[in-house]
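K.L.:
Structure supplied as work.txt; contents: compact mmCIF, C-alpha atoms.
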# COMPACT_ATOMS: atom_id res chain seq x y z
CA MET A 299 16.51 -11.55 -2.46
CA THR A 300 18.01 -9.27 -5.03
CA SER A 301 17.99 -5.52 -5.21
CA GLY A 302 16.01 -3.95 -8.04
CA GLY A 303 19.06 -2.95 -10.00
CA GLU A 304 20.19 -6.54 -10.30
CA HIS A 305 17.11 -7.67 -12.16
CA PRO A 306 17.77 -8.27 -15.85
CA GLY A 307 16.39 -5.37 -17.78
CA LEU A 308 16.29 -2.98 -14.86
CA THR A 309 19.57 -1.27 -15.61
CA ASP A 310 17.82 1.82 -16.96
CA LEU A 311 15.66 2.17 -13.90
CA GLY A 312 18.40 2.52 -11.32
CA ARG A 313 18.40 0.86 -7.97
CA CYS A 314 15.76 0.11 -5.39
CA PRO A 315 16.80 0.51 -1.75
CA LEU A 316 14.72 -2.46 -0.58
CA PRO A 317 15.02 -6.10 -1.54
CA THR A 318 12.56 -6.84 -4.32
CA ILE A 319 10.38 -9.93 -4.68
CA GLY A 320 10.13 -9.63 -8.43
CA VAL A 321 9.46 -7.28 -11.30
CA VAL A 322 6.38 -6.04 -13.15
CA ARG A 323 6.28 -6.58 -16.89
CA THR A 324 4.04 -4.32 -18.95
CA GLY A 325 3.89 -2.90 -22.44
CA ARG A 326 4.59 0.62 -21.19
CA THR A 327 8.01 2.22 -21.30
CA THR A 328 7.74 5.77 -19.94
CA THR A 329 5.80 7.33 -17.08
CA GLU A 330 4.40 10.02 -19.37
CA THR A 331 2.78 7.43 -21.65
CA THR A 332 1.56 5.07 -18.90
CA PRO A 333 -2.02 5.32 -17.60
CA VAL A 334 -2.11 7.11 -14.25
CA GLN A 335 -4.14 4.53 -12.34
CA SER A 336 -4.64 0.80 -12.71
CA SER A 337 -8.36 1.12 -11.97
CA LEU A 338 -8.76 3.55 -14.86
CA ASN A 339 -7.02 1.12 -17.21
CA GLU A 340 -8.64 -2.04 -15.99
CA GLU A 341 -8.33 -4.17 -19.11
CA GLU A 342 -4.67 -3.88 -20.04
CA LEU A 343 -2.65 -6.96 -19.18
CA GLY A 344 0.56 -7.08 -17.22
CA VAL A 345 2.56 -9.78 -15.47
CA ALA A 346 4.12 -9.73 -12.00
CA GLU A 347 7.13 -12.04 -12.24
CA ILE A 348 7.92 -13.30 -8.76
CA ASP A 349 11.47 -14.42 -8.07
CA GLU A 350 11.79 -18.19 -8.00
CA GLN A 351 12.96 -18.14 -4.37
CA PHE A 352 9.50 -16.85 -3.34
CA ARG A 353 7.48 -19.50 -5.19
CA GLU A 354 6.31 -21.06 -1.94
CA ALA A 355 5.03 -17.69 -0.71
CA LEU A 356 2.31 -17.80 -3.40
CA ALA A 357 0.56 -20.83 -1.87
CA GLY A 358 -3.08 -20.07 -1.13
CA ARG A 359 -3.32 -17.42 -3.80
CA ALA A 360 -6.45 -19.03 -5.31
CA ASP A 361 -9.86 -17.41 -5.27
CA PHE A 362 -8.74 -13.84 -4.87
CA ASP A 363 -10.20 -11.60 -7.54
CA TYR A 364 -8.00 -8.58 -6.83
CA LEU A 365 -4.51 -7.91 -5.56
CA TRP A 366 -2.53 -4.92 -4.37
CA LEU A 367 0.82 -4.58 -6.06
CA ILE A 368 3.24 -2.61 -3.90
CA THR A 369 5.95 -1.25 -6.16
CA TRP A 370 8.97 1.02 -6.06
CA LEU A 371 8.54 4.01 -8.37
CA GLY A 372 11.70 5.86 -7.50
CA CYS A 373 14.06 4.37 -10.01
CA THR A 374 13.75 6.96 -12.74
CA GLY A 375 16.80 8.99 -11.84
CA ASP A 376 14.76 11.97 -10.64
CA PRO A 377 16.47 14.38 -8.31
CA VAL A 378 15.84 13.77 -4.64
CA PRO A 379 13.96 15.02 -2.70
CA PRO A 380 10.81 15.63 -4.74
CA PRO A 381 8.87 18.90 -4.29
CA LEU A 382 6.41 18.74 -1.39
CA THR A 383 3.68 20.34 -3.49
CA GLN A 384 3.17 19.25 -7.07
CA VAL A 385 0.63 19.51 -9.85
CA PRO A 386 -0.91 16.02 -9.91
CA PHE A 387 -1.32 14.45 -13.34
CA LEU A 388 -5.11 14.75 -13.07
CA LEU A 389 -4.89 18.46 -12.22
CA ARG A 390 -2.59 19.36 -15.10
CA PRO A 391 -5.48 20.82 -17.10
CA GLN A 392 -6.29 23.17 -14.18
CA ARG A 393 -2.62 23.66 -13.20
CA ARG A 394 -3.58 23.21 -9.56
CA SER A 395 -0.96 22.03 -7.12
CA MET A 396 -1.50 19.86 -4.05
CA GLY A 397 0.56 18.64 -1.17
CA ILE A 398 2.12 15.39 -2.31
CA LEU A 399 0.52 13.46 0.59
CA ALA A 400 -2.90 14.49 -0.77
CA THR A 401 -2.10 12.95 -4.17
CA ARG A 402 -1.36 9.53 -5.57
CA GLY A 403 1.56 10.77 -7.64
CA PRO A 404 4.76 8.74 -7.93
CA ARG A 405 7.24 11.41 -6.79
CA ARG A 406 6.94 11.14 -3.01
CA PRO A 407 9.30 11.08 -0.02
CA ASN A 408 9.06 7.29 -0.35
CA PRO A 409 8.03 6.53 -3.92
CA ILE A 410 5.98 3.48 -3.05
CA GLY A 411 3.29 2.59 -5.58
CA LEU A 412 -0.07 1.06 -4.66
CA SER A 413 -1.92 -0.51 -7.58
CA LEU A 414 -5.20 -2.39 -7.38
CA VAL A 415 -5.17 -5.04 -10.10
CA ARG A 416 -7.46 -7.86 -11.11
CA LEU A 417 -5.91 -11.30 -10.79
CA VAL A 418 -6.21 -13.18 -14.07
CA ARG A 419 -4.07 -16.27 -13.57
CA VAL A 420 -1.09 -17.60 -11.66
CA ASP A 421 1.29 -19.77 -13.71
CA GLY A 422 4.10 -20.91 -11.46
CA THR A 423 5.69 -17.65 -10.36
CA SER A 424 4.00 -15.47 -13.01
CA ILE A 425 0.95 -13.54 -11.87
CA SER A 426 -1.04 -12.28 -14.86
CA PHE A 427 -3.21 -9.30 -14.03
CA GLN A 428 -5.37 -6.62 -15.56
CA GLY A 429 -4.86 -2.97 -14.62
CA VAL A 430 -1.59 -1.47 -15.82
CA ASP A 431 -0.29 1.79 -14.35
CA MET A 432 3.40 1.02 -14.14
CA VAL A 433 6.22 0.95 -16.65
CA ASP A 434 7.89 -2.27 -17.68
CA GLY A 435 10.56 -3.30 -15.23
CA THR A 436 9.05 -1.67 -12.14
CA PRO A 437 10.50 -3.34 -9.03
CA LEU A 438 7.93 -5.27 -7.01
CA LEU A 439 8.17 -4.95 -3.22
CA ASP A 440 5.10 -6.86 -2.10
CA VAL A 441 1.85 -8.45 -3.21
CA LYS A 442 -1.13 -8.37 -0.88
CA PRO A 443 -4.53 -9.92 -1.45
CA TYR A 444 -7.42 -7.47 -1.74
CA VAL A 445 -9.78 -8.30 1.11
CA ALA A 446 -13.17 -6.63 0.76
CA ARG A 447 -13.80 -6.68 4.50
CA PHE A 448 -10.54 -4.83 5.15
CA ASP A 449 -10.15 -2.59 2.13
CA ARG A 450 -13.63 -1.26 1.40
CA PRO A 451 -14.88 1.50 3.66
CA PRO A 452 -18.62 1.69 4.24
CA GLY A 453 -20.87 4.05 2.34
CA GLU A 454 -19.66 6.55 -0.22
CA PRO A 455 -16.52 8.10 1.23
CA ARG A 456 -15.44 11.51 0.04
CA SER A 457 -12.22 11.54 -1.97
CA GLY A 458 -11.27 15.23 -1.69
CA TRP A 459 -10.17 16.98 -4.88
CA PHE A 460 -10.47 13.74 -6.84
CA ASP A 461 -14.25 14.06 -6.58
CA GLY A 462 -14.10 17.25 -8.65
CA VAL A 463 -11.99 16.10 -11.58
CA GLU A 464 -12.54 13.98 -14.63
CA THR A 465 -10.77 10.63 -14.64
CA PRO A 466 -10.88 9.52 -18.28
CA ARG A 467 -10.24 5.84 -18.86
CA SER A 468 -6.63 4.91 -19.55
CA VAL A 469 -5.59 8.55 -19.53
CA THR A 470 -1.83 9.18 -19.47
CA PRO A 471 0.16 12.11 -18.05
CA GLU A 472 1.12 13.08 -21.59
CA GLN A 473 -2.53 13.37 -22.60
CA LEU A 474 -3.32 15.43 -19.52
CA LEU A 475 -0.42 17.76 -20.28
CA GLY A 476 -1.96 18.37 -23.68
CA ARG A 477 -5.02 19.82 -22.00
CA GLY A 478 -3.04 22.41 -20.10
CA ASP A 479 0.20 24.13 -20.68
CA ALA A 480 3.45 24.58 -18.79
CA ILE A 481 3.55 22.65 -15.53
CA THR A 482 5.41 23.49 -12.40
CA GLY A 483 6.24 21.03 -9.73
CA TRP A 484 6.72 18.10 -12.06
CA MET B 103 14.36 13.01 6.44
CA THR B 104 15.26 10.88 9.36
CA SER B 105 15.50 7.14 9.58
CA GLY B 106 13.04 5.39 11.83
CA GLY B 107 15.54 4.63 14.50
CA GLU B 108 16.19 8.30 15.09
CA HIS B 109 12.63 9.09 16.10
CA PRO B 110 12.28 9.69 19.81
CA GLY B 111 10.68 6.65 21.37
CA LEU B 112 11.61 4.29 18.55
CA THR B 113 14.72 2.91 20.13
CA ASP B 114 13.01 -0.34 21.03
CA LEU B 115 11.73 -0.85 17.51
CA GLY B 116 15.03 -0.92 15.72
CA ARG B 117 15.76 0.76 12.44
CA CYS B 118 13.80 1.28 9.26
CA PRO B 119 15.77 0.98 6.01
CA LEU B 120 13.80 3.76 4.30
CA PRO B 121 13.52 7.40 5.28
CA THR B 122 10.36 7.89 7.33
CA ILE B 123 7.89 10.76 7.05
CA GLY B 124 6.73 10.39 10.64
CA VAL B 125 5.57 7.96 13.25
CA VAL B 126 2.24 6.43 14.28
CA ARG B 127 1.13 6.93 17.86
CA THR B 128 -1.36 4.44 19.31
CA GLY B 129 -2.26 2.97 22.67
CA ARG B 130 -0.95 -0.46 21.66
CA THR B 131 2.44 -1.75 22.67
CA THR B 132 2.85 -5.28 21.32
CA THR B 133 1.84 -6.99 18.09
CA GLU B 134 0.15 -9.81 19.99
CA THR B 135 -2.23 -7.39 21.72
CA THR B 136 -2.90 -5.14 18.73
CA PRO B 137 -5.99 -5.70 16.56
CA VAL B 138 -5.07 -7.45 13.32
CA GLN B 139 -6.76 -5.05 10.92
CA SER B 140 -7.68 -1.38 11.10
CA SER B 141 -11.02 -2.01 9.42
CA LEU B 142 -11.92 -4.51 12.15
CA ASN B 143 -11.07 -1.95 14.82
CA GLU B 144 -12.61 1.07 13.21
CA GLU B 145 -13.29 3.18 16.28
CA GLU B 146 -9.99 3.20 18.13
CA LEU B 147 -8.10 6.47 17.77
CA GLY B 148 -4.52 6.91 16.69
CA VAL B 149 -2.39 9.78 15.48
CA ALA B 150 0.01 9.91 12.55
CA GLU B 151 2.64 12.47 13.51
CA ILE B 152 4.19 13.84 10.34
CA ASP B 153 7.69 15.27 10.56
CA GLU B 154 7.68 19.07 10.54
CA GLN B 155 9.73 19.15 7.34
CA PHE B 156 6.79 17.58 5.47
CA ARG B 157 4.13 20.03 6.71
CA GLU B 158 3.69 21.51 3.23
CA ALA B 159 3.08 18.06 1.77
CA LEU B 160 -0.22 17.89 3.66
CA ALA B 161 -1.80 20.76 1.70
CA GLY B 162 -5.04 19.70 0.04
CA ARG B 163 -5.74 17.02 2.60
CA ALA B 164 -9.27 18.31 3.24
CA ASP B 165 -12.41 16.38 2.36
CA PHE B 166 -10.91 12.94 2.30
CA ASP B 167 -12.79 10.53 4.53
CA TYR B 168 -10.23 7.74 4.45
CA LEU B 169 -6.48 7.39 4.12
CA TRP B 170 -4.01 4.62 3.51
CA LEU B 171 -1.18 4.56 6.00
CA ILE B 172 1.89 2.83 4.57
CA THR B 173 4.03 1.70 7.46
CA TRP B 174 7.18 -0.29 8.18
CA LEU B 175 6.44 -3.33 10.31
CA GLY B 176 9.87 -4.88 10.31
CA CYS B 177 11.35 -3.22 13.35
CA THR B 178 10.59 -5.88 15.90
CA GLY B 179 13.94 -7.61 15.84
CA ASP B 180 12.58 -10.74 14.18
CA PRO B 181 15.05 -12.97 12.41
CA VAL B 182 15.30 -12.35 8.68
CA PRO B 183 14.09 -13.75 6.36
CA PRO B 184 10.58 -14.67 7.53
CA PRO B 185 9.12 -18.08 6.66
CA LEU B 186 7.49 -18.13 3.21
CA THR B 187 4.46 -19.96 4.56
CA GLN B 188 2.95 -18.99 7.89
CA VAL B 189 -0.19 -19.50 9.91
CA PRO B 190 -2.00 -16.16 9.53
CA PHE B 191 -3.42 -14.68 12.72
CA LEU B 192 -6.97 -15.30 11.49
CA LEU B 193 -6.19 -18.98 10.76
CA ARG B 194 -4.65 -19.70 14.17
CA PRO B 195 -7.82 -21.43 15.36
CA GLN B 196 -7.64 -23.81 12.37
CA ARG B 197 -3.82 -23.96 12.36
CA ARG B 198 -3.84 -23.57 8.59
CA SER B 199 -0.79 -22.13 6.90
CA MET B 200 -0.70 -19.99 3.78
CA GLY B 201 1.91 -18.53 1.48
CA ILE B 202 2.82 -15.17 2.96
CA LEU B 203 1.85 -13.36 -0.27
CA ALA B 204 -1.69 -14.71 0.17
CA THR B 205 -1.92 -13.14 3.64
CA ARG B 206 -1.89 -9.69 5.15
CA GLY B 207 0.50 -10.68 7.91
CA PRO B 208 3.33 -8.37 8.99
CA ARG B 209 6.25 -10.78 8.55
CA ARG B 210 6.91 -10.52 4.82
CA PRO B 211 9.94 -10.21 2.54
CA ASN B 212 9.28 -6.46 2.75
CA PRO B 213 7.30 -5.84 5.94
CA ILE B 214 5.29 -2.96 4.53
CA GLY B 215 1.97 -2.36 6.27
CA LEU B 216 -1.16 -1.12 4.49
CA SER B 217 -3.84 0.24 6.83
CA LEU B 218 -7.12 1.81 5.76
CA VAL B 219 -8.01 4.43 8.38
CA ARG B 220 -10.74 7.03 8.71
CA LEU B 221 -9.48 10.60 8.77
CA VAL B 222 -10.78 12.40 11.84
CA ARG B 223 -8.86 15.68 11.87
CA VAL B 224 -5.62 17.29 10.78
CA ASP B 225 -4.05 19.64 13.34
CA GLY B 226 -0.87 21.05 11.89
CA THR B 227 1.24 17.96 11.26
CA SER B 228 -0.86 15.61 13.41
CA ILE B 229 -3.35 13.42 11.55
CA SER B 230 -5.91 11.96 13.93
CA PHE B 231 -7.52 8.81 12.61
CA GLN B 232 -9.77 5.93 13.58
CA GLY B 233 -8.71 2.35 12.84
CA VAL B 234 -5.73 1.13 14.86
CA ASP B 235 -3.81 -1.98 13.80
CA MET B 236 -0.26 -0.87 14.55
CA VAL B 237 1.81 -0.59 17.70
CA ASP B 238 2.86 2.76 19.10
CA GLY B 239 5.97 4.05 17.39
CA THR B 240 5.44 2.32 14.04
CA PRO B 241 7.49 4.16 11.39
CA LEU B 242 5.36 5.86 8.75
CA LEU B 243 6.60 5.62 5.16
CA ASP B 244 3.76 7.25 3.25
CA VAL B 245 0.20 8.53 3.48
CA LYS B 246 -2.06 8.22 0.46
CA PRO B 247 -5.63 9.45 0.12
CA TYR B 248 -8.26 6.75 -0.31
CA VAL B 249 -9.88 7.40 -3.68
CA ALA B 250 -13.06 5.42 -4.21
CA ARG B 251 -12.72 5.46 -7.99
CA PHE B 252 -9.26 3.92 -7.75
CA ASP B 253 -9.46 1.69 -4.70
CA ARG B 254 -12.86 0.04 -4.87
CA PRO B 255 -13.24 -2.79 -7.35
CA PRO B 256 -16.68 -3.32 -8.86
CA GLY B 257 -19.12 -5.87 -7.54
CA GLU B 258 -18.38 -8.31 -4.76
CA PRO B 259 -14.85 -9.54 -5.33
CA ARG B 260 -13.81 -12.87 -3.89
CA SER B 261 -11.22 -12.63 -1.11
CA GLY B 262 -9.90 -16.20 -1.09
CA TRP B 263 -9.50 -17.89 2.29
CA PHE B 264 -10.60 -14.70 4.08
CA ASP B 265 -14.15 -15.38 2.84
CA GLY B 266 -14.24 -18.55 4.92
CA VAL B 267 -13.08 -17.25 8.30
CA GLU B 268 -14.59 -15.23 11.07
CA THR B 269 -13.20 -11.74 11.51
CA PRO B 270 -14.34 -10.68 14.98
CA ARG B 271 -14.20 -6.96 15.66
CA SER B 272 -10.97 -5.71 17.23
CA VAL B 273 -9.64 -9.25 17.53
CA THR B 274 -5.95 -9.54 18.45
CA PRO B 275 -3.40 -12.28 17.63
CA GLU B 276 -3.32 -13.19 21.32
CA GLN B 277 -7.07 -13.81 21.37
CA LEU B 278 -6.84 -15.90 18.21
CA LEU B 279 -4.05 -17.98 19.72
CA GLY B 280 -6.37 -18.73 22.63
CA ARG B 281 -8.76 -20.40 20.21
CA GLY B 282 -6.17 -22.83 18.93
CA ASP B 283 -3.04 -24.28 20.36
CA ALA B 284 0.61 -24.40 19.38
CA ILE B 285 1.38 -22.41 16.27
CA THR B 286 4.02 -23.03 13.67
CA GLY B 287 5.31 -20.44 11.29
CA TRP B 288 4.86 -17.54 13.65
Once more with this new file: its structure as structure tokens, please.
P.N.:
Amino acid sequence: MTSGGEHPGLTDLGRCPLPTIGVVRTGRTTTETTPVQSSLNEEELGVAEIDEQFREALAGRADFDYLWLITWLGCTGDPVPPPLTQVPFLLRPQRRSMGILATRGPRRPNPIGLSLVRLVRVDGTSISFQGVDMVDGTPLLDVKPYVARFDRPPGEPRSGWFDGVETPRSVTPEQLLGRGDAITGW
Amino acid sequence: MTSGGEHPGLTDLGRCPLPTIGVVRTGRTTTETTPVQSSLNEEELGVAEIDEQFREALAGRADFDYLWLITWLGCTGDPVPPPLTQVPFLLRPQRRSMGILATRGPRRPNPIGLSLVRLVRVDGTSISFQGVDMVDGTPLLDVKPYVARFDRPPGEPRSGWFDGVETPRSVTPEQLLGRGDAITGW
């Protein structure tokens, strides 16, 4: 295993405190210009490059339509610790703040990312997927199969403040900033 | 922030390499006697005790029906690294092994747990939930709201080998072992 900072191309992203299993390659370079959620940007292609030493761990990967990518989002050089209340990207137009544990934002006590992506193809140790919400070079901590019986609650669960906001397709933080004005907490 | 090992009662579970935001309290004491998935044990109550310093981070938590608990499952003193192919709990009866990245098992390169739980009540910094699949004292790394628009793929996605196995309610690894015989890779 290698730490995130030792991956080629990750020098600008700083170090990850956990061993990584690979790196996510996308066409996005900054958080502000990257769609806020994979499920809102469900066509854009990315590749999870798994380290060669974990090739064997991919056995049995066939016939899953979706995966969870567990990533480390804390390598942007932000000051630590992050504010406990922040204006989430999707509430920028309203300038409403929320406790960080009631958001899906990346600046968290542990900046662990959870992205639901559609599995397109596995070529050796390269997992092609659709659903990009991470910048190129994001350290990959884990890949878990999406299992409908485990991951889909019954009925139509309420999703708190998310139920009252627009979630435009492929929207980026930068675009959401344009709808509001000065932001605190970010 | 405190590391997992500094939480009262966590001395037997070893240390967590990331700062924790709290600890999960359940009535389960060993992995072998703990149900394998929260969604298969959706009535049993547990409590996520958030550290007092993160109280403010819970603001806005209302009106979410489900949460993701992101936990650290690597504090059991297992040898590192885990095998890259293992017999998942649910395949013990068949003695079939899978690549660990095609399973939801706890022994992974990064033993990060992902549990979908139903939010029952928030009392101060105590989050009561239904859906126990973790032992008492499991370090809590993050809590994320379940957001149907983000976390529910369309249609009826295929879930690989999980689609071909029984998933009895509240089943534990110990019970699954009883259906098979000697196990390798665990």
K.L.:
Tell me, counting all atoms listed in the file, for each residue of range 147-172 of chain B within 8 Å of range 389-412 of chain A, which pair of atoms is nearest and how far apart they are in Å to one decimal, in rows ordered by chain and increasing number, as JSON lines.
P.N.:
{"residue": "B:Glu158", "atom": "CA", "partner": "A:Gly397", "partner_atom": "CA", "distance": 6.1}
{"residue": "B:Ala159", "atom": "CA", "partner": "A:Gly397", "partner_atom": "CA", "distance": 3.9}
{"residue": "B:Leu160", "atom": "CA", "partner": "A:Gly397", "partner_atom": "CA", "distance": 4.9}
{"residue": "B:Ala161", "atom": "CA", "partner": "A:Gly397", "partner_atom": "CA", "distance": 4.3}
{"residue": "B:Gly162", "atom": "CA", "partner": "A:Met396", "partner_atom": "CA", "distance": 5.4}
{"residue": "B:Arg163", "atom": "CA", "partner": "A:Ala400", "partner_atom": "CA", "distance": 5.1}
K.L.:
Considering all atoms listed in the file, tabulate each residue of chain B that lies at most 8 Å from chain A along with its nearest interatomic pair and the corresponding distance in Å to one decimal; arrange the rows by chain and ascending residue number and present them as CSV.
P.N.:
residue,atom,partner,partner_atom,distance
B:Pro119,CA,A:Leu316,CA,7.5
B:Leu120,CA,A:Pro315,CA,7.5
B:Pro121,CA,A:Asn408,CA,7.2
B:Thr122,CA,A:Asn408,CA,7.8
B:Ile123,CA,A:Pro407,CA,7.2
B:Gln139,CA,A:Phe448,CA,6.9
B:Ser140,CA,A:Phe448,CA,7.4
B:Ser141,CA,A:Phe448,CA,5.1
B:Leu142,CA,A:Phe448,CA,7.1
B:Phe156,CA,A:Leu382,CA,7.0
B:Glu158,CA,A:Leu382,CA,6.0
B:Ala159,CA,A:Gly397,CA,3.9
B:Leu160,CA,A:Gly397,CA,4.9
B:Ala161,CA,A:Gly397,CA,4.3
B:Gly162,CA,A:Met396,CA,5.4
B:Arg163,CA,A:Ala400,CA,5.1
B:Ala164,CA,A:Gly458,CA,6.1
B:Asp165,CA,A:Gly458,CA,4.4
B:Phe166,CA,A:Gly458,CA,4.6
B:Asp167,CA,A:Arg456,CA,5.3
B:Tyr168,CA,A:Pro455,CA,7.1
B:Leu186,CA,A:Ala355,CA,4.6
B:Thr187,CA,A:Ala355,CA,5.8
B:Met200,CA,A:Gly358,CA,5.5
B:Gly201,CA,A:Ala355,CA,3.9
B:Ile202,CA,A:Ala355,CA,5.0
B:Leu203,CA,A:Ala355,CA,5.4
B:Ala204,CA,A:Arg359,CA,5.1
B:Thr205,CA,A:Pro443,CA,6.6
B:Arg206,CA,A:Lys442,CA,6.2
B:Pro211,CA,A:Ile319,CA,7.2
B:Asn212,CA,A:Leu439,CA,6.3
B:Ile214,CA,A:Asp440,CA,7.7
B:Leu218,CA,A:Asp449,CA,6.5
B:Leu243,CA,A:Asn408,CA,6.3
B:Asp244,CA,A:Asn408,CA,6.4
B:Val245,CA,A:Leu399,CA,5.7
B:Lys246,CA,A:Leu399,CA,5.8
B:Pro247,CA,A:Ala400,CA,5.8
B:Tyr248,CA,A:Ser457,CA,6.4
B:Val249,CA,A:Ser457,CA,5.1
B:Ala250,CA,A:Ser457,CA,6.6
B:Arg251,CA,A:Ser337,CA,7.3
B:Phe252,CA,A:Ser337,CA,5.1
B:Asp253,CA,A:Leu414,CA,6.5
B:Arg254,CA,A:Arg450,CA,6.4
B:Pro255,CA,A:Ser337,CA,7.8
B:Glu258,CA,A:Ala446,CA,7.8
B:Pro259,CA,A:Asp363,CA,5.5
B:Arg260,CA,A:Phe362,CA,5.3
B:Ser261,CA,A:Phe362,CA,4.7
B:Gly262,CA,A:Asp361,CA,4.4
B:Trp263,CA,A:Asp361,CA,7.6
B:Phe264,CA,A:Val445,CA,7.1
K.L.:
Smallest atom-to-atom distance to Cys314 in chain A: which of A:Gly435, A:Gly372, A:Pro471, A:Pro380, using all atoms listed in the file?
P.N.:
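Among the listed residues, A:Gly372 lies closest to Cys314 in chain A.
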K.L.:
Expressed in Å to a single decimal, how great is the separation between CA of Arg323 in chain A and CA of Pro386 in chain A?
P.N.:
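These two atoms are separated by 24.7 Å.
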K.L.:
Please, what distance in Å, to one decimal, runs between CA of Val138 in chain B and CA of Val189 in chain B?
P.N.:
13.4 Å
K.L.:
Rank A:Val418, A:Leu388, A:Met432, A:Pro333 by their smallest atom-to-atom distance to Val321 in chain A, using only C-alpha atoms, and report the top residue only.
P.N.:
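The shortest atom-to-atom distance to Val321 in chain A comes from A:Met432.
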K.L.:
Which distance in Å separates CA of Phe231 in chain B and CA of Ser272 in chain B, to one decimal?
P.N.:
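About the pair CA of Phe231 in chain B and CA of Ser272 in chain B: they are 15.6 Å apart.
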K.L.:
With 10 Å as the threshold, what does the neighbourhood of (3.7, -11.0, -11.2) contain in terms of residues, counting only C-alpha atoms? Coordinates are those of the file; answer as a list in words.
P.N.:
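Protein, DNA and RNA residues close to (3.7, -11.0, -11.2): Ile319, Gly320, Val321, Val322, Arg323, Gly344, Val345, Ala346, Glu347, Ile348, Asp349, Leu367, Leu417, Arg419, Val420, Asp421, Gly422, Thr423, Ser424, Ile425, Ser426, Phe427, Leu438 and Val441 of chain A.
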